[in-house]
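Following: one structure in structure tokens, then a few remarks.
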Amino acid sequence: MPYEIGTLYVPENRRNPGSRLIGVGFARIKAPQPTGAPPVFWLPGGPGLSVLGAFTEEAEKGRLRSWLTFGAVADLVVIEQRGYTRRGEMLEATSEALPLDQPGSARAEAEAMRALARAAIAANPDKDLSGYDIGEFAADVDDLRRALGYDRISLFGGSFGSQWSLAVMRLHPEIVARAVLSGVEPLNNGYDMPSHVFAALQRIADDADRDPGLAPYLPAGGLMGAVRALRLRFAEDPVRVQVDDEAGRKRTVVLGSEDLQLALLSHTQEGERWPAFLLSLYHGHYEAWAREVIEERQASKTKLIGPLVDSSLGVTAARERELRSDPAVEMLGTWNFESNIASAPDWPTRDMGDALREPVESAIPVLFVHGDWDTSTPIENTRSLLPHFPNGHAIFVHRAGHDGTFYQLREDPAAKQAVYEFLRTGKRENLPVELALQVPKFELPPFAPPARDGKGKEQGRK
């Protein structure tokens with residue numbers, strides 16, 4: 001297949017006249033035949049997702065096959081992210097290991113993030129890390145548009161790619177013809193509302209509670225009953241779990257109530273895996289979880305553009321109050337926002353301000369595609385944005401998770417074709433409003449169901 005790949009050179013910080021130039025990788029796949037439609041700019045998620053390996057690495061060829069289908073719409077342009085691009089720099093820093101002999105906590109993670117910010121600044125004296133805010137990301141898209149000779153473009157992005165797209169629409173509205181966004185992350189919703197995330201877990205549990213294979217493992221009250229029981233169990237005392245690492249050495253980790261809060265969101269990217277993980281914890285099988293926590297608490301590489309761009313956006317003071325007072329904080333804790341809010345003053349990127357964060361009315365036609373099993377960017381994100389887009393349209397997909405547009409629509413070829421038609425012409429007539437995926441085959445716990453007495457109660461449990 002023919003394609004173009006290259007590097008766009010942009011100022012690291014456009015507010016500094018003497019800024020050094022940095023490289024941002026991009027690729028273009030031209031439509032086989034001219035369609036007259038604006039090119040589609042495909043913005044990756046993350047932050048910190050590098051995608052140009054799709055042209056060279058076998059494991060990423062699925063993404064390339066997906067890109068080729070856009071030829072029916074127009075030219076496709078893929079742009080990577082400043083600070084994490086194969087054709088420029090990949091800014092990383094090593095976070096310090098967290099202790100295994102005490103429970104984890106969101107406060108400890110926040111202090112570790114603050115230390116990481118200070119270490120990253122000290123380790124990069126030749127770089128202007130203040131130039132990695134969401135405004136600069138949006139300006140890179142506009143610069144690439146002009147460099148390739150396009151007047152207007154359409155945007156296609158999921159997760160952070162949707163937030164990046166919303167920033168382009170806010171800061172450069174005149175260049176955007178239309179957009180398709182999935183797993184939507186509004187500019188003021190970088191930190192998820194705990195109750196919205198918990199509602200997604202409840203929807204997964206609703207189907208799992210009716211699964212015959214999981215039935216022998218379920219306590220009274222189903223999966224949500226298991227969640228409540230685990231919360232009470234870990235509120236009493238932490239647990240110490242000993243496991244063998246890959247080298248056969250004994251390792252012990254202490255797991256507490258906040259570790260459980262964080263664990264409730266483990267294995268939710270594929271909803272069919274979450275019930276088995278949760279039920280393993282309920283039945284006292286902590287070993288796999290312990291190994292994951294040991295891995296997570298080790299020193300590791302952090303992609304700097306994540307906290308840099310997140311701290312530039314932050315949230316309004318009103319949303320922070322809502323986050324902290326949300327009733328589901330009791331179940332999920334403050335992990336989703338504590339470290340970013342606490343460390344924001346330590347990162348050098350500018351505060352973009354409430355005028356950018358808060359939604360305003362936009363006439364740009366936007367198609368939102370969102371799954372109600374999405375625990376990374378809850379479906380309420382799209383519901384709250386839709387009223388601000390009078391030319392917007394939403395497709396809500398029951399049982400879809402934090403997936404890209406076309407994977408969420410995988411069971412409805414007509415809907416996928418309608419998305420291409422929208423990108424090519426702007427027509428919305430054939431777009432559905434609601435779809436439902438089939439109930440998945442739920443993964444089972446890797447142990448036999450517990451024995452039960454004649455009344456159906458687990459033996460050994462009160």
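For the structure tokens, the naming scheme is as follows: chains receive sequential letters (A, B, ...) according to their order of presentation, residues are indexed from 1 within each chain, and ligands are indexed from 1 in presentation order.
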Contact residues around Gly314 (chain A) with only C-alpha atoms at 12 Å, ignoring same-chain residues under 3 positions, as a PyMOL selection string: chain A and resi 133-134+186-192+306-311+317-320+337-345+347+349-354+356-358
Identify, with DSSP run on backbone atoms, the residues in region 340-453 of chain A assigned to alpha helix (DSSP H), and express the list as a ChimeraX atom specification. /A:340-343,354-357,380-385,405-408,413-425
So, with only C-alpha atoms as the atoms that count, which of A:Gly36, A:Pro17, A:Gly371, A:Gly104 lies closest to Arg383 (chain A)?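 Of the candidates, the smallest distance to Arg383 (chain A) is held by A:Gly371.
Take the candidates A:Ala205, A:Ala138, A:Leu76, A:Ala220 and check each one against Ile153 (chain A) using only C-alpha atoms; the shortest distance goes to A:Leu76.
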Would you mind telling me which residue in A:Arg86, A:Lys30, A:Arg321, A:Arg118 lies nearest to Asp346 (chain A) when using only C-alpha atoms?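 Smallest distance to Asp346 (chain A) is found for A:Arg118.
Excluding region 431-447 of chain A itself and any same-chain residue fewer than 5 positions from it, the protein and nucleic acid residues within 7 Å of it, counting only C-alpha atoms, are Gly213, Leu214, Glu272, Arg273, Ala276, Phe277, Leu279, Ser280, Ala394, Ile395, Phe396, Val397, His398, Arg399, Ala400, Glu411, Ala415 and Ala418 of chain A.
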Between A:Tyr217, A:Thr382, A:Ile364, A:Lys250, which one has atoms that come closest to His283 (chain A), using only C-alpha atoms?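 Under the stated criterion, the closest residue is A:Tyr217.
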Report as a Markdown table: every residue of region 82-149 of chain A with an atom at most 12 Å from region 239-246 of chain A, its closest pair of atoms, and their distance in Å to one decimal, counting only C-alpha atoms, with rows sorted by chain and ascending residue number.
| residue | atom | partner | partner_atom | distance |
| --- | --- | --- | --- | --- |
| A:Leu100 | CA | A:Arg240 | CA | 9.7 |
| A:Asp101 | CA | A:Arg240 | CA | 8.5 |
| A:Gln102 | CA | A:Arg240 | CA | 9.2 |
| A:Pro103 | CA | A:Val239 | CA | 8.8 |
| A:Gly104 | CA | A:Val239 | CA | 11.8 |
Suppose we keep N, CA, C and O atoms; can you now write the selection as a JSON list (two decimals), in the first residue's frame?
[["chain", "number", "residue", "atom", "x", "y", "z"],
["A", 100, "LEU", "N", 6.26, -2.58, 49.94],
["A", 100, "LEU", "CA", 5.35, -3.72, 49.94],
["A", 100, "LEU", "C", 4.83, -4.04, 51.33],
["A", 100, "LEU", "O", 3.83, -4.76, 51.47],
["A", 101, "ASP", "N", 5.48, -3.53, 52.37],
["A", 101, "ASP", "CA", 5.14, -3.93, 53.73],
["A", 101, "ASP", "C", 4.09, -3.05, 54.38],
["A", 101, "ASP", "O", 3.89, -3.11, 55.59],
["A", 102, "GLN", "N", 3.43, -2.22, 53.59],
["A", 102, "GLN", "CA", 2.33, -1.42, 54.11],
["A", 102, "GLN", "C", 1.28, -1.24, 53.02],
["A", 102, "GLN", "O", 1.59, -1.32, 51.84],
["A", 103, "PRO", "N", 0.02, -1.05, 53.41],
["A", 103, "PRO", "CA", -1.02, -0.93, 52.38],
["A", 103, "PRO", "C", -0.79, 0.27, 51.48],
["A", 103, "PRO", "O", -0.18, 1.27, 51.88],
["A", 104, "GLY", "N", -1.28, 0.18, 50.27],
["A", 104, "GLY", "CA", -1.21, 1.31, 49.36],
["A", 104, "GLY", "C", -2.22, 2.37, 49.74],
["A", 104, "GLY", "O", -3.20, 2.11, 50.45]]
